[in-house]
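Asks: First, the structure itself, so that you have it in front of you.
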Amino acid sequence: MSERTSVCPDLSTIHEFLGALSHELRGPLAPFYNGLQILKLKGVDSEISREILALMERQLRDMTGLLDNLLEVSRLVRGRIALRHDHFDLGRLTRVVFDEVTAKLLPNRVHCSLQVPEEPVWALGDAVRLARVLSTLLHNAVRFTDAGGTIIVRLESDASEHKAVLQVRDTGVGIEKERLLNLFHSFPSAGTDSVRHSASLDLGVTFVKTVIEQHGGDVRVASEGHGRGTEFTVTLPLQGEPAPVTANSPLPDAAADRHLRILVIEDNRDSAESLRILLSACGYEVHVSFTGTDGVKAAQEKRPDVVLCDIGLPGLNGYEVVSELRRHAETASARVIALTGYGADEDRRKAKLAGFDLHLVKPVEPRVLEEILAHSEPAA
């Protein structure tokens, strides 16, 4: 697709889009709320509890993905995004994303097939955002494919054309021909009434298109209409095999018996307490403060190894907190990690300048946080 993303929709289109977005954001709340009520019932057996928890996790992931795409599209269409340019194996990335999505979203529901070359498929670009491209296409395929359907992911390396071709095909509800014409705009066209139409789909494909174009590739979509499935085809330039890198010192092993003191500074009490419970269950010593001012005092008293700090805090904000921690000898060596809802590139830059060691955007996968903490050294 060669047309540029639309950035100036009319008011009626914006109104329709916001209505669709509101509907989609509320959608996951209903099963989430129902799941909470079920878990409160007495006598709920463990099998039902596991089923409800899996349902709630899926809904949370859907809502998080929608919000992430909303923020990314906003930055992309304004040119406020900086892509990395690293060599990576597109085949390996495809396998990892496929395994993660299918393991969490497709338990005995849809038949999935992955076809990836054995040899590396070298690409140059932002592996994180390209992983989200594939994840977005897979999530859409899952969403619009009924139980018993099929999803096929195929990656091919076309050496003669110097390009990689990634296809995601499903046997789902399909997209009507009229809808295909406007699918890659950042807002839905007024009056559209396609079967496969939603705010998350619009945001997702806009994100996909813009990221792929910024990598020098393109994306196409094909469907024979209602009930006939959909196929997205992404092409990216191939790169030569990168030069071998000299081995660096290996990362330190995650020491299960290392006792880290962690301070959580978060004004949302439910968020702070749930994180405390989670980290305590992993064996860490955890303390919590609900304001920036109290957080600085607690850090001086407890001398934590790691501080997980929100940005928007009462009293001192997160930038002021980390500045204070760096000024005092007893807290200067702590590893301070921003854990925030602010995820723009400018926010990351400001966090780094303020003195944060790392910037994480809520919600963070527990396994990701655990890996980061496992490689954190106790403060001196």
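How things are named: the first chain in the structure tokens is A, the next is B, and so on; residues count from 1 in each chain; ligands count from 1 in the order shown.
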Using DSSP on the backbone, list every residue of stretch 131-188 of chain A that comes out as strand (DSSP E or B), and give them as a PyMOL selection string.

Replies: chain A and resi 150-158+163-170

Asks: Once you have the residues from the selection above, write them out as a PDB file, in the first residue's frame, restricted to C-alpha atoms.

Replies:
```
ATOM      1  CA  THR A 150      -7.562 -22.054  11.113  1.00  0.00           C
ATOM      2  CA  ILE A 151      -4.794 -19.460  11.279  1.00  0.00           C
ATOM      3  CA  ILE A 152      -1.642 -19.879   9.199  1.00  0.00           C
ATOM      4  CA  VAL A 153       1.512 -17.824   9.690  1.00  0.00           C
ATOM      5  CA  ARG A 154       4.082 -18.194   6.916  1.00  0.00           C
ATOM      6  CA  LEU A 155       7.474 -16.510   6.556  1.00  0.00           C
ATOM      7  CA  GLU A 156       9.411 -16.832   3.296  1.00  0.00           C
ATOM      8  CA  SER A 157      12.760 -15.465   2.188  1.00  0.00           C
ATOM      9  CA  ASP A 158      12.830 -14.261  -1.431  1.00  0.00           C
ATOM     10  CA  LYS A 163      12.806  -9.310   0.588  1.00  0.00           C
ATOM     11  CA  ALA A 164      11.119 -11.293   3.332  1.00  0.00           C
ATOM     12  CA  VAL A 165       7.407 -12.066   2.981  1.00  0.00           C
ATOM     13  CA  LEU A 166       5.316 -12.629   6.101  1.00  0.00           C
ATOM     14  CA  GLN A 167       1.691 -13.765   5.735  1.00  0.00           C
ATOM     15  CA  VAL A 168      -1.002 -14.144   8.369  1.00  0.00           C
ATOM     16  CA  ARG A 169      -4.059 -15.909   6.964  1.00  0.00           C
ATOM     17  CA  ASP A 170      -7.255 -16.841   8.782  1.00  0.00           C
TER      18      ASP A 170
END
```

Asks: Take atom CA of A:Tyr284 and atom CA of A:Leu373 and report the distance between them in Å, one decimal.

Replies: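 That distance, rounded to one decimal, is 9.5 Å.
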
Asks: Near A:His328, within 12 Å and counting only C-alpha atoms, which residues show up once chain neighbours fewer than 6 positions away are dropped, as a list of chain:residue names?

Replies: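 Selected residues are A:Val296, A:Lys297, A:Ala299, A:Gln300, A:Glu301, A:Arg303, A:Val321, A:Val322, A:Ala334.
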
Asks: Restricting the calculation to only C-alpha atoms: of A:Arg326, A:Asp68, A:Glu285, A:Leu183, which residue gets closest to A:Ala344?

Replies: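 Looking only at the distances to A:Ala344, the closest residue turns out to be A:Asp68.
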
Asks: Report, in Å to a single decimal, how far apart atom CA of A:Ala222 and atom CA of A:Ala103 are.

Replies: 26.6 Å

Asks: Please identify all polymer residues within 8 Å of A:Ala123, counting only C-alpha atoms, omitting same-chain residues fewer than 5 positions from it, and present them as a list in words.

Replies: His87, Phe88, Asp89, Leu90, Leu236, Pro237, Leu238, Gln239 and Gly240 of chain A
